[in-house]
file upload-v4.cif (mmCIF, C-alpha atoms)
data_structure
#
loop_
_atom_site.label_atom_id
_atom_site.label_comp_id
_atom_site.auth_asym_id
_atom_site.auth_seq_id
_atom_site.Cartn_x
_atom_site.Cartn_y
_atom_site.Cartn_z
CA MET A 1 0.00 0.00 0.00
CA GLY A 2 2.79 2.38 0.92
CA LEU A 3 4.50 1.66 -2.42
CA LEU A 4 1.37 2.55 -4.40
CA VAL A 5 1.03 5.88 -2.55
CA PHE A 6 4.67 6.68 -3.27
CA MET A 7 4.34 5.91 -7.00
CA ARG A 8 1.18 8.04 -7.23
CA ASN A 9 2.89 11.02 -5.59
CA LEU A 10 5.92 10.61 -7.89
CA LEU A 11 3.74 10.66 -11.04
CA LEU A 12 1.87 13.74 -9.80
CA ALA A 13 5.18 15.53 -9.13
CA LEU A 14 6.49 14.56 -12.57
CA CYS A 15 3.35 15.82 -14.33
CA LEU A 16 3.51 19.08 -12.39
CA PHE A 17 7.16 19.50 -13.36
CA LEU A 18 6.36 18.91 -17.06
CA VAL A 19 3.51 21.43 -17.00
CA LEU A 20 5.66 24.06 -15.33
CA GLY A 21 8.48 23.38 -17.82
CA PHE A 22 6.13 23.78 -20.80
CA LEU A 23 4.75 27.06 -19.43
CA TYR A 24 8.25 28.41 -18.85
CA TYR A 25 9.37 27.42 -22.36
CA SER A 26 6.29 29.03 -23.96
CA ALA A 27 6.83 32.26 -22.05
CA TRP A 28 10.47 32.37 -23.13
CA LYS A 29 9.59 31.86 -26.83
CA LEU A 30 7.02 34.64 -26.70
CA HIS A 31 9.57 36.93 -25.14
CA LEU A 32 12.14 36.06 -27.82
CA LEU A 33 9.70 36.69 -30.69
CA LYS A 34 8.70 40.02 -29.21
CA TRP A 35 12.37 41.04 -28.84
CA GLU A 36 13.17 40.08 -32.44
CA ASP A 37 10.18 42.04 -33.69
CA SER A 38 10.91 45.29 -31.83
CA ASN A 39 14.70 45.37 -31.64
CA SER A 40 15.88 44.30 -35.07
CA VAL A 41 16.75 46.05 -38.35
CA VAL A 42 16.37 44.29 -41.68
CA LEU A 43 19.00 44.95 -44.32
CA SER A 44 18.57 43.71 -47.88
CA PHE A 45 21.58 43.03 -50.05
CA ASP A 46 21.69 42.29 -53.74
CA SER A 47 23.52 39.33 -55.21
CA VAL A 48 26.84 41.19 -55.25
CA GLY A 49 26.56 42.62 -51.75
CA HIS A 50 25.44 46.20 -52.46
CA THR A 51 22.77 47.84 -50.34
CA ILE A 52 19.57 48.35 -52.32
CA GLY A 53 18.13 51.83 -51.92
CA SER A 54 14.72 53.17 -52.84
CA GLY A 55 13.94 53.40 -56.50
CA ARG A 56 16.41 50.69 -57.48
CA ARG A 57 15.39 47.89 -59.82
CA GLU A 58 14.20 44.80 -57.88
CA ARG A 59 16.85 42.10 -57.67
CA LYS A 60 17.31 38.80 -55.84
CA THR A 61 17.99 39.59 -52.20
CA VAL A 62 19.08 37.92 -48.99
CA THR A 63 17.49 39.27 -45.80
CA LEU A 64 19.50 39.38 -42.59
CA VAL A 65 17.90 40.08 -39.20
CA LEU A 66 20.46 41.75 -36.98
CA PRO A 67 19.66 42.33 -33.27
CA LEU A 68 20.49 45.68 -31.70
CA SER A 69 21.03 44.18 -28.24
CA VAL A 70 21.61 40.83 -26.57
CA PRO A 71 18.54 39.23 -24.89
CA SER A 72 18.46 38.87 -21.12
CA HIS A 73 18.56 35.07 -21.16
CA LEU A 74 22.10 35.34 -22.61
CA ALA A 75 23.26 37.59 -19.77
CA ALA A 76 25.52 34.89 -18.46
CA ASP A 77 27.37 34.70 -21.80
CA PRO A 78 30.92 36.01 -21.20
CA GLY A 79 31.09 37.29 -24.80
CA LYS A 80 27.88 39.30 -24.52
CA ASP A 81 29.50 42.73 -24.25
CA ARG A 82 31.76 42.15 -27.24
CA VAL A 83 28.90 40.82 -29.39
CA GLN A 84 26.64 43.70 -28.40
CA LYS A 85 29.34 46.26 -29.20
CA GLU A 86 30.02 44.75 -32.62
CA LEU A 87 26.33 44.63 -33.49
CA LYS A 88 25.80 48.25 -32.46
CA GLU A 89 28.80 49.36 -34.49
CA THR A 90 27.49 47.45 -37.52
CA MET A 91 24.06 49.04 -37.30
CA ALA A 92 25.49 52.52 -36.64
CA ALA A 93 27.69 52.45 -39.75
CA PRO A 94 26.26 54.74 -42.47
CA VAL A 95 24.89 53.11 -45.61
CA PRO A 96 27.20 54.04 -48.53
CA ALA A 97 25.64 56.72 -50.72
CA ILE A 98 25.55 56.38 -54.48
CA PRO A 99 28.46 58.54 -55.76
CA LYS A 100 27.50 61.76 -57.52
CA TYR A 101 30.94 62.63 -58.93
CA ASP A 102 33.73 60.61 -60.52
CA LYS A 103 37.21 60.33 -59.01
CA LEU A 104 38.37 63.53 -60.72
CA GLY A 105 35.40 65.52 -59.46
CA PHE A 106 33.20 65.58 -62.60
CA LEU A 107 29.45 65.14 -62.27
CA LEU A 108 28.45 61.60 -63.25
CA ASN A 109 25.05 62.58 -64.61
CA LEU A 110 26.14 64.96 -67.36
CA ASP A 111 22.65 64.96 -68.86
CA SER A 112 21.22 66.77 -65.87
CA LYS A 113 19.44 70.06 -66.45
CA LEU A 114 20.89 73.46 -65.69
CA PRO A 115 20.33 74.73 -62.16
CA PRO A 116 17.24 77.00 -62.07
CA GLU A 117 19.30 80.16 -61.53
CA LEU A 118 21.41 79.50 -64.65
CA ALA A 119 18.43 78.38 -66.72
CA SER A 120 16.60 81.62 -65.98
CA LYS A 121 19.74 83.71 -66.49
CA TYR A 122 20.32 82.47 -70.05
CA ALA A 123 16.70 81.75 -71.03
CA ASN A 124 16.09 85.03 -72.86
CA PHE A 125 19.22 85.09 -75.01
CA SER A 126 18.50 84.82 -78.73
CA GLU A 127 20.23 82.16 -80.77
CA GLY A 128 23.61 83.38 -81.99
CA VAL A 129 23.94 86.00 -79.24
CA CYS A 130 26.97 85.45 -77.00
CA LYS A 131 26.02 84.42 -73.46
CA PRO A 132 28.36 86.09 -70.94
CA GLY A 133 30.13 83.63 -68.67
CA TYR A 134 28.20 80.68 -70.10
CA ALA A 135 31.11 78.24 -70.55
CA SER A 136 32.59 78.78 -67.10
CA ALA A 137 29.13 78.62 -65.47
CA LEU A 138 28.41 75.23 -67.06
CA MET A 139 31.90 74.02 -66.21
CA THR A 140 31.33 74.87 -62.56
CA VAL A 141 28.07 72.87 -62.60
CA ILE A 142 29.76 69.65 -63.78
CA PHE A 143 33.10 70.31 -62.03
CA PRO A 144 32.52 72.26 -58.78
CA LYS A 145 36.27 72.59 -58.15
CA PHE A 146 36.60 74.78 -61.27
CA SER A 147 37.99 78.20 -60.38
CA LYS A 148 37.58 80.81 -63.08
CA PRO A 149 40.26 83.44 -62.27
CA ALA A 150 43.44 82.49 -64.14
CA PRO A 151 45.37 85.02 -66.28
CA MET A 152 45.71 83.94 -69.87
CA PHE A 153 49.26 85.24 -70.38
CA LEU A 154 52.33 85.70 -68.20
CA ASP A 155 52.93 89.27 -67.09
CA ASP A 156 55.35 91.08 -64.76
CA SER A 157 53.84 89.38 -61.70
CA PHE A 158 54.55 85.84 -62.96
CA ARG A 159 56.93 85.01 -60.11
CA LYS A 160 54.18 85.58 -57.53
CA TRP A 161 51.87 82.87 -58.85
CA ALA A 162 52.27 79.93 -56.48
CA ARG A 163 50.47 77.52 -58.81
CA ILE A 164 53.27 77.66 -61.38
CA ARG A 165 56.26 78.90 -59.42
CA ASP A 166 57.31 75.51 -58.03
CA PHE A 167 56.97 73.46 -61.24
CA VAL A 168 59.41 73.19 -64.14
CA PRO A 169 58.07 73.34 -67.72
CA PRO A 170 55.61 72.34 -69.00
CA PHE A 171 53.66 72.67 -65.76
CA GLY A 172 55.34 75.80 -64.44
CA ILE A 173 58.13 78.35 -64.80
CA LYS A 174 60.74 77.16 -62.30
CA GLY A 175 64.23 77.91 -63.62
CA GLN A 176 62.95 80.20 -66.39
CA ASP A 177 62.80 83.51 -64.51
CA ASN A 178 65.58 85.29 -66.38
CA LEU A 179 64.41 84.19 -69.83
CA ILE A 180 60.80 85.13 -69.14
CA LYS A 181 61.80 88.46 -67.64
CA ALA A 182 63.87 89.27 -70.73
CA ILE A 183 60.99 88.33 -73.06
CA LEU A 184 58.41 90.35 -71.14
CA SER A 185 60.66 93.39 -71.00
CA ALA A 186 60.54 93.42 -74.81
CA THR A 187 56.87 92.48 -75.40
CA LYS A 188 55.50 94.87 -72.73
CA ASP A 189 51.85 94.00 -73.51
CA TYR A 190 49.89 91.25 -71.76
CA ARG A 191 46.33 92.08 -72.76
CA LEU A 192 43.72 89.61 -73.94
CA THR A 193 42.09 89.81 -77.35
CA PRO A 194 38.35 89.00 -77.62
CA ALA A 195 38.30 85.69 -79.54
CA LEU A 196 40.32 82.51 -79.90
CA ASP A 197 40.22 79.95 -82.69
CA ARG A 198 43.52 78.74 -84.22
CA LEU A 199 46.44 76.54 -83.01
CA ASN A 200 49.88 75.38 -84.14
CA SER A 201 50.67 75.72 -87.87
CA ALA A 202 47.13 75.16 -89.16
CA PRO A 203 46.69 77.52 -92.16
CA VAL A 204 43.63 79.67 -92.70
CA LYS A 205 44.17 81.03 -96.21
CA GLY A 206 42.51 78.71 -98.72
CA PHE A 207 40.52 76.91 -96.01
CA GLU A 208 38.18 79.73 -94.98
CA LYS A 209 35.05 77.75 -95.91
CA ASP A 210 35.92 75.05 -93.37
CA VAL A 211 37.86 76.82 -90.63
CA GLY A 212 36.70 80.43 -90.81
CA GLY A 213 38.54 83.54 -91.83
CA LYS A 214 39.63 85.09 -88.55
CA THR A 215 42.52 84.19 -86.27
CA THR A 216 43.02 86.15 -83.08
CA LEU A 217 45.50 83.89 -81.33
CA ARG A 218 47.89 81.37 -82.82
CA ILE A 219 49.00 79.19 -79.92
CA THR A 220 52.02 77.05 -80.68
CA TYR A 221 55.50 75.90 -79.65
CA PRO A 222 58.80 75.90 -81.59
CA GLU A 223 58.34 72.61 -83.43
CA GLY A 224 54.73 73.46 -84.28
CA ALA A 225 55.22 77.03 -85.48
CA ILE A 226 54.66 77.92 -89.14
CA GLN A 227 57.98 78.09 -90.97
CA LYS A 228 56.71 79.86 -94.11
CA MET A 229 56.32 83.55 -93.40
CA GLU A 230 53.60 84.06 -96.02
CA GLN A 231 51.24 81.66 -94.20
CA TYR A 232 50.92 83.88 -91.14
CA GLU A 233 47.77 85.98 -90.79
CA LYS A 234 48.05 89.77 -90.80
CA ASP A 235 46.33 90.39 -87.49
CA SER A 236 46.87 87.75 -84.85
CA LEU A 237 48.83 87.36 -81.65
CA PHE A 238 51.63 84.80 -81.54
CA VAL A 239 51.38 82.83 -78.27
CA LEU A 240 54.03 80.43 -76.99
CA ALA A 241 52.97 77.33 -75.06
CA GLY A 242 56.22 76.40 -73.34
CA PHE A 243 56.57 72.64 -72.93
CA LYS A 244 60.32 72.61 -72.18
CA TRP A 245 63.01 75.09 -71.19
CA GLN A 246 64.34 75.26 -74.77
CA ASP A 247 61.00 76.72 -75.85
CA PHE A 248 61.52 79.86 -73.75
CA LYS A 249 65.05 80.21 -75.05
CA TRP A 250 63.71 79.94 -78.61
CA LEU A 251 61.10 82.65 -77.97
CA LYS A 252 63.79 84.99 -76.64
CA TYR A 253 65.65 84.52 -79.95
CA ILE A 254 62.44 85.31 -81.86
CA VAL A 255 61.57 88.40 -79.80
CA TYR A 256 65.07 89.86 -80.08
CA LYS A 257 65.43 88.68 -83.71
CA GLU A 258 68.53 86.68 -82.87
CA LYS A 259 69.79 83.63 -84.72
CA VAL A 260 68.05 80.43 -83.65
CA SER A 261 70.41 77.56 -82.93
CA ALA A 262 69.36 74.21 -84.39
CA SER A 263 71.25 72.39 -81.63
CA ASP A 264 69.10 73.56 -78.74
CA GLY A 265 67.36 70.24 -78.15
CA PHE A 266 64.37 70.45 -80.50
CA TRP A 267 62.91 67.17 -81.76
CA LYS A 268 62.37 68.53 -85.29
CA SER A 269 63.24 71.63 -87.30
CA VAL A 270 61.81 74.88 -85.96
CA ALA A 271 60.94 78.28 -87.35
CA THR A 272 63.83 80.72 -87.29
CA ARG A 273 61.61 83.79 -87.72
CA VAL A 274 58.08 84.81 -86.83
CA PRO A 275 56.64 87.84 -88.64
CA ARG A 276 55.48 89.54 -85.46
CA GLU A 277 56.71 92.50 -83.52
CA PRO A 278 57.44 92.01 -79.81
CA HIS A 279 54.16 93.64 -78.72
CA GLU A 280 52.29 90.96 -80.74
CA ILE A 281 53.88 88.06 -78.82
CA ARG A 282 52.61 86.43 -75.61
CA ILE A 283 53.48 83.54 -73.27
CA LEU A 284 50.59 81.25 -72.36
CA ASN A 285 50.11 80.75 -68.65
CA PRO A 286 51.56 77.26 -67.88
CA TYR A 287 48.80 76.77 -65.34
CA PHE A 288 46.48 75.70 -68.16
CA ILE A 289 48.83 72.85 -69.08
CA GLN A 290 48.95 71.80 -65.44
CA GLU A 291 45.18 72.02 -64.96
CA ALA A 292 44.37 70.17 -68.18
CA ALA A 293 46.80 67.36 -67.34
CA PHE A 294 46.10 66.70 -63.68
CA SER A 295 42.71 68.22 -62.80
CA PHE A 296 40.68 67.64 -65.96
CA ILE A 297 42.21 64.63 -67.76
CA GLY A 298 43.74 62.83 -64.77
CA LEU A 299 47.18 62.13 -66.24
CA PRO A 300 50.02 60.77 -64.04
CA PHE A 301 51.57 63.49 -61.87
CA ASN A 302 55.11 62.06 -62.10
CA ASN A 303 56.38 64.46 -59.41
CA GLY A 304 55.42 67.40 -61.62
CA LEU A 305 57.81 66.40 -64.40
CA MET A 306 57.22 65.60 -68.05
CA GLY A 307 56.86 61.86 -68.39
CA ARG A 308 55.25 59.09 -70.40
CA GLY A 309 51.61 59.81 -71.12
CA ASN A 310 51.24 62.86 -68.88
CA ILE A 311 51.32 65.77 -71.35
CA PRO A 312 47.98 67.04 -72.72
CA THR A 313 47.74 67.93 -76.40
CA LEU A 314 47.78 71.61 -77.25
CA GLY A 315 44.12 71.33 -78.23
CA SER A 316 43.05 70.33 -74.72
CA VAL A 317 45.30 73.02 -73.25
CA ALA A 318 43.67 75.67 -75.46
CA ILE A 319 40.17 74.52 -74.49
CA THR A 320 41.15 74.67 -70.83
CA MET A 321 42.38 78.22 -71.30
CA ALA A 322 39.21 79.16 -73.19
CA LEU A 323 36.98 77.86 -70.38
CA HIS A 324 38.59 80.42 -68.09
CA ASN A 325 38.49 83.35 -70.48
CA CYS A 326 35.74 82.94 -73.10
CA ASP A 327 32.00 83.35 -72.73
CA GLU A 328 31.30 80.46 -75.10
CA VAL A 329 33.59 77.80 -76.55
CA ALA A 330 33.09 76.05 -79.90
CA VAL A 331 35.69 73.76 -81.46
CA ALA A 332 36.26 72.34 -84.93
CA GLY A 333 38.55 69.62 -86.19
CA PHE A 334 38.95 67.95 -82.80
CA GLY A 335 38.97 64.21 -82.28
CA TYR A 336 41.17 61.25 -83.12
CA ASP A 337 39.59 58.35 -84.99
CA MET A 338 41.97 55.58 -83.98
CA SER A 339 39.88 53.05 -85.90
CA SER A 340 41.07 54.68 -89.15
CA PRO A 341 44.88 54.68 -88.86
CA ASN A 342 45.35 55.80 -92.48
CA ALA A 343 43.04 58.82 -92.20
CA PRO A 344 44.69 62.28 -92.18
CA LEU A 345 45.69 63.48 -88.74
CA HIS A 346 45.19 67.14 -89.75
CA TYR A 347 43.32 68.74 -92.63
CA TYR A 348 46.41 70.56 -93.91
CA GLU A 349 49.07 67.83 -94.09
CA ASN A 350 49.60 64.18 -95.05
CA ILE A 351 50.52 62.78 -91.64
CA LYS A 352 48.39 59.72 -90.86
CA MET A 353 46.22 59.15 -87.79
CA SER A 354 48.50 56.29 -86.74
CA ALA A 355 51.28 58.82 -86.01
CA ILE A 356 49.56 59.94 -82.82
CA LYS A 357 50.10 56.44 -81.37
CA GLU A 358 53.84 56.98 -81.63
CA SER A 359 53.71 59.93 -79.24
CA TRP A 360 54.96 58.81 -75.84
CA THR A 361 53.82 62.02 -74.11
CA HIS A 362 50.05 61.93 -74.78
CA ASN A 363 47.18 59.75 -73.58
CA ILE A 364 44.61 60.17 -76.33
CA GLN A 365 41.99 57.92 -74.74
CA ARG A 366 41.96 59.93 -71.51
CA GLU A 367 41.71 63.17 -73.48
CA LYS A 368 38.76 61.85 -75.47
CA GLU A 369 36.97 61.01 -72.22
CA PHE A 370 37.55 64.55 -70.94
CA LEU A 371 36.40 66.26 -74.14
CA ARG A 372 33.32 64.05 -74.39
CA LYS A 373 32.30 65.13 -70.90
CA LEU A 374 32.43 68.76 -72.01
CA VAL A 375 30.42 68.07 -75.17
CA LYS A 376 27.82 65.92 -73.40
CA ALA A 377 27.29 68.59 -70.74
CA ARG A 378 27.12 71.34 -73.43
CA VAL A 379 30.10 73.14 -71.90
CA ILE A 380 31.63 73.27 -75.40
CA THR A 381 30.11 72.88 -78.86
CA ASP A 382 31.73 70.41 -81.25
CA LEU A 383 31.06 71.96 -84.66
CA THR A 384 32.47 69.04 -86.67
CA SER A 385 31.24 66.18 -84.45
CA GLY A 386 34.70 64.65 -84.19
CA ILE A 387 34.76 64.27 -80.42
#

call {"tool": "encode", "arguments": {"input": "upload-v4.cif", "output": "C-alpha cells"}}
result
Amino acid sequence: MGLLVFMRNLLLALCLFLVLGFLYYSAWKLHLLKWEDSNSVVLSFDSVGHTIGSGRRERKTVTLVLPLSVPSHLAADPGKDRVQKELKETMAAPVPAIPKYDKLGFLLNLDSKLPPELASKYANFSEGVCKPGYASALMTVIFPKFSKPAPMFLDDSFRKWARIRDFVPPFGIKGQDNLIKAILSATKDYRLTPALDRLNSAPVKGFEKDVGGKTTLRITYPEGAIQKMEQYEKDSLFVLAGFKWQDFKWLKYIVYKEKVSASDGFWKSVATRVPREPHEIRILNPYFIQEAAFSFIGLPFNNGLMGRGNIPTLGSVAITMALHNCDEVAVAGFGYDMSSPNAPLHYYENIKMSAIKESWTHNIQREKEFLRKLVKARVITDLTSGI
C-alpha cells in the first residue's frame, strides 16, 4: 500500500514539473519573438553585396535580421558585451551613398538640367547671341572645383603665382625667370584679345570655308610654329605654349630677332623667324597645361615632371584656357579616330592618324573622355562632331 502511494505522488510531481516546464518554455519563446520584432533592423543586399536603396530595380535579395542588443537570457554569456558592441557598431555604420561625382570631381550625370538660376539667367538670349560667362558657369556645374580666375598670359607678376612657381616646364616656370623676364621686358603688352580659334601651324588662307577667316591667337610651340612667313595671318597674336626650357630660349631669340640655334634640343626643325613685332607676342600661362593634365584629364603626376603619357595635347590646353576666359567655346577639327589609322591626322598635311600612337607624351583615350564630358554637358560645342 505504501509503495502505491509513493508511485502516485511521484507521477503527480512529474506531471507538475512537465507542466511548469512547458509554461516556462512558452513564455520564453514569446519573449524572444517580441524582442526580435521590436529590436531588429532588416538589411537587404543584392547578389553582389550592395545595399539596395529606394527606387532601385528589384533584384534577388538575402534578408539578414540583426539584433540591436543581446537578450536577457544570454546575460551569463561572457562574450555578450563584445557581441553587443560589434552589433551596435554594424548598425550605426552609415549606408554608402551612391556617388554623384567621378574620381576627378566631374558630375556623373552629365545629362542633368541646368540649375534653375542659370536656366533663368540664359533663357532670354536669342540664338547666336553670345552668353556672358556661359562656358565657365556650365563648367562649374559639372566640375565644382573649377575656379575661373586664371590670367591667360604671363605678365610682370609671374613670379608671384604659387600655382606655377614651383613646377618646371611644361607645368610651371621654375628655372625660367631670367628668360621670361627678358621676353616680357621686350613684349611689354599682356592684354587679352576678344576671340580665340587657331592653333599650331594650321593655315587659314585657302581653307576659310571650313575653318573660318579670322585668327586672333595662334597658340604654338617651336616645333609646331609655321615656318613659311607668307602663311601667317596679318592680325593675330603669336602665343608660346612652353613645354620645355628650350622653348623659352627659342622665344627669346624670336623676340630679339637673334639667330636660332638648331642644336638647342628640339625634336624637329623649328621656325627661325616669326613675322610679329614684340608687342604681338605672348606667353601662355603654364597653369592651363597643369590644370588640363592633372585636374581635368587625370594624367600621371610624375612628381610634376614631363613623363610618359602625362602631357595634354595643345588642343586640350587651349580649351582649358578658353573655359577660363571665353563666354562660349566652340571647337572644330577635334577628335582622333583611332579606328582609321590611315586617315589624315590634320586637314592641312599628309601625316596619318597612326602617327599619334607613336607619341609617348600623350594619352589620347583619356583626353577623349575629358572632351566628351564637355560636349555631353554642353560646356563646349563640337562643330564638326569629331569628339

call {"tool": "resolve_selection", "arguments": {"input": "upload-v4.cif", "expression": "the PyMOL selection byres ((chain A and resi 101) around 12)", "output": "list in words"}}
result
Ala97, Ile98, Pro99, Lys100, Asp102, Lys103, Leu104, Gly105, Phe106, Leu107, Leu108, Asn109, Leu110, Val141, Ile142, Phe143, Pro144 and Lys145 of chain A

call {"tool": "atom_distance", "arguments": {"input": "upload-v4.cif", "atom1": "CA of Ile387 (chain A)", "atom2": "CA of Ile319 (chain A)"}}
result
13.0 Å

call {"tool": "closest_residue", "arguments": {"input": "upload-v4.cif", "among": "A:Glu223, A:Glu328, A:Glu233, A:Asp337", "to": "Asp382 (chain A)", "atoms": "only C-alpha atoms"}}
result
A:Glu328

call {"tool": "closest_residue", "arguments": {"input": "upload-v4.cif", "among": "A:Pro286, A:Pro222, A:Pro115, A:Pro344", "to": "Met321 (chain A)", "atoms": "all atoms listed in the file"}}
result
A:Pro286

call {"tool": "atom_distance", "arguments": {"input": "upload-v4.cif", "atom1": "CA of Gly224 (chain A)", "atom2": "CA of Gly242 (chain A)"}}
result
11.4 Å

call {"tool": "closest_residue", "arguments": {"input": "upload-v4.cif", "among": "A:Ile289, A:Val274, A:Cys130, A:Ala137", "to": "Glu258 (chain A)", "atoms": "all atoms listed in the file"}}
result
A:Val274

call {"tool": "atom_distance", "arguments": {"input": "upload-v4.cif", "atom1": "CA of Trp250 (chain A)", "atom2": "CA of Glu277 (chain A)"}}
result
15.2 Å

call {"tool": "resolve_selection", "arguments": {"input": "upload-v4.cif", "expression": "the PyMOL selection byres ((chain A and resi 226) around 7)", "output": "list in words"}}
result
Ser201, Gly224, Ala225, Gln227, Lys228 and Ala271 of chain A

call {"tool": "residues_around", "arguments": {"input": "upload-v4.cif", "residues": "Leu314 (chain A)", "least_positions_apart": "5", "cutoff": "10 Å", "atoms": "all atoms listed in the file", "output": "list in words"}}
result
Leu199, Asn200, Ile219, Thr220, Tyr221, Ala241, Phe243, Ile289, Ala292, Ile319 and Thr320 of chain A

call {"tool": "closest_residue", "arguments": {"input": "upload-v4.cif", "among": "A:Phe294, A:Tyr134, A:Phe167, A:Phe125", "to": "Cys326 (chain A)", "atoms": "all atoms listed in the file"}}
result
A:Tyr134

call {"tool": "residues_around", "arguments": {"input": "upload-v4.cif", "residues": "Lys113 (chain A)", "least_positions_apart": "5", "cutoff": "10 Å", "atoms": "only C-alpha atoms", "output": "NGL selection string"}}
result
:A and (118-119 or 141 or 377)

call {"tool": "resolve_selection", "arguments": {"input": "upload-v4.cif", "expression": "the PyMOL selection byres ((chain A and resi 386) around 9)", "output": "ChimeraX atom specification"}}
result
/A:332-337,382-385,387

call {"tool": "write_last_selection", "arguments": {"input": "upload-v4.cif", "atoms": "C-alpha atoms", "output": "compact mmCIF listing (two decimals), in the coordinates of the input"}}
result
# COMPACT_ATOMS: atom_id res chain seq x y z
CA ALA A 332 36.26 72.34 -84.93
CA GLY A 333 38.55 69.62 -86.19
CA PHE A 334 38.95 67.95 -82.80
CA GLY A 335 38.97 64.21 -82.28
CA TYR A 336 41.17 61.25 -83.12
CA ASP A 337 39.59 58.35 -84.99
CA ASP A 382 31.73 70.41 -81.25
CA LEU A 383 31.06 71.96 -84.66
CA THR A 384 32.47 69.04 -86.67
CA SER A 385 31.24 66.18 -84.45
CA ILE A 387 34.76 64.27 -80.42

call {"tool": "closest_residue", "arguments": {"input": "upload-v4.cif", "among": "A:Pro341, A:His324, A:Arg282, A:Asp264", "to": "Leu138 (chain A)", "atoms": "only C-alpha atoms"}}
result
A:His324

call {"tool": "decode", "arguments": {"input": "upload-v4.cif", "residues": "region 230-243 of chain A", "atoms": "N, CA, C and O atoms", "output": "mmCIF file, in the first residue's frame"}}
result
data_model
loop_
_atom_site.group_PDB
_atom_site.id
_atom_site.type_symbol
_atom_site.label_atom_id
_atom_site.label_comp_id
_atom_site.auth_asym_id
_atom_site.auth_seq_id
_atom_site.Cartn_x
_atom_site.Cartn_y
_atom_site.Cartn_z
ATOM 1 N N GLU A 230 54.792 83.618 -95.307
ATOM 2 C CA GLU A 230 53.598 84.063 -96.022
ATOM 3 C C GLU A 230 52.319 83.403 -95.503
ATOM 4 O O GLU A 230 51.206 83.849 -95.829
ATOM 5 N N GLN A 231 52.431 82.347 -94.708
ATOM 6 C CA GLN A 231 51.239 81.661 -94.202
ATOM 7 C C GLN A 231 50.699 82.263 -92.903
ATOM 8 O O GLN A 231 49.636 81.868 -92.421
ATOM 9 N N TYR A 232 51.412 83.228 -92.348
ATOM 10 C CA TYR A 232 50.916 83.880 -91.135
ATOM 11 C C TYR A 232 49.826 84.890 -91.475
ATOM 12 O O TYR A 232 49.879 85.559 -92.505
ATOM 13 N N GLU A 233 48.828 85.004 -90.616
ATOM 14 C CA GLU A 233 47.771 85.981 -90.790
ATOM 15 C C GLU A 233 48.312 87.392 -90.516
ATOM 16 O O GLU A 233 49.323 87.552 -89.848
ATOM 17 N N LYS A 234 47.601 88.383 -91.002
ATOM 18 C CA LYS A 234 48.055 89.767 -90.802
ATOM 19 C C LYS A 234 47.834 90.227 -89.365
ATOM 20 O O LYS A 234 48.666 90.936 -88.800
ATOM 21 N N ASP A 235 46.688 89.866 -88.804
ATOM 22 C CA ASP A 235 46.327 90.393 -87.487
ATOM 23 C C ASP A 235 46.035 89.262 -86.507
ATOM 24 O O ASP A 235 44.883 88.861 -86.314
ATOM 25 N N SER A 236 47.055 88.760 -85.888
ATOM 26 C CA SER A 236 46.869 87.748 -84.846
ATOM 27 C C SER A 236 48.036 87.815 -83.883
ATOM 28 O O SER A 236 49.147 88.192 -84.261
ATOM 29 N N LEU A 237 47.765 87.440 -82.644
ATOM 30 C CA LEU A 237 48.831 87.364 -81.655
ATOM 31 C C LEU A 237 49.539 86.019 -81.772
ATOM 32 O O LEU A 237 48.915 84.994 -82.043
ATOM 33 N N PHE A 238 50.849 86.034 -81.552
ATOM 34 C CA PHE A 238 51.634 84.804 -81.540
ATOM 35 C C PHE A 238 51.838 84.426 -80.078
ATOM 36 O O PHE A 238 52.405 85.195 -79.296
ATOM 37 N N VAL A 239 51.354 83.237 -79.677
ATOM 38 C CA VAL A 239 51.376 82.831 -78.272
ATOM 39 C C VAL A 239 52.193 81.559 -78.113
ATOM 40 O O VAL A 239 51.904 80.542 -78.750
ATOM 41 N N LEU A 240 53.205 81.609 -77.255
ATOM 42 C CA LEU A 240 54.026 80.431 -76.987
ATOM 43 C C LEU A 240 53.413 79.598 -75.867
ATOM 44 O O LEU A 240 53.107 80.110 -74.789
ATOM 45 N N ALA A 241 53.260 78.298 -76.117
ATOM 46 C CA ALA A 241 52.970 77.325 -75.064
ATOM 47 C C ALA A 241 54.293 76.617 -74.770
ATOM 48 O O ALA A 241 54.761 75.815 -75.574
ATOM 49 N N GLY A 242 54.895 76.927 -73.648
ATOM 50 C CA GLY A 242 56.223 76.402 -73.342
ATOM 51 C C GLY A 242 56.177 75.023 -72.703
ATOM 52 O O GLY A 242 55.778 74.899 -71.540
ATOM 53 N N PHE A 243 56.586 74.006 -73.452
ATOM 54 C CA PHE A 243 56.572 72.641 -72.926
ATOM 55 C C PHE A 243 57.931 72.218 -72.363
ATOM 56 O O PHE A 243 58.011 71.211 -71.663
#
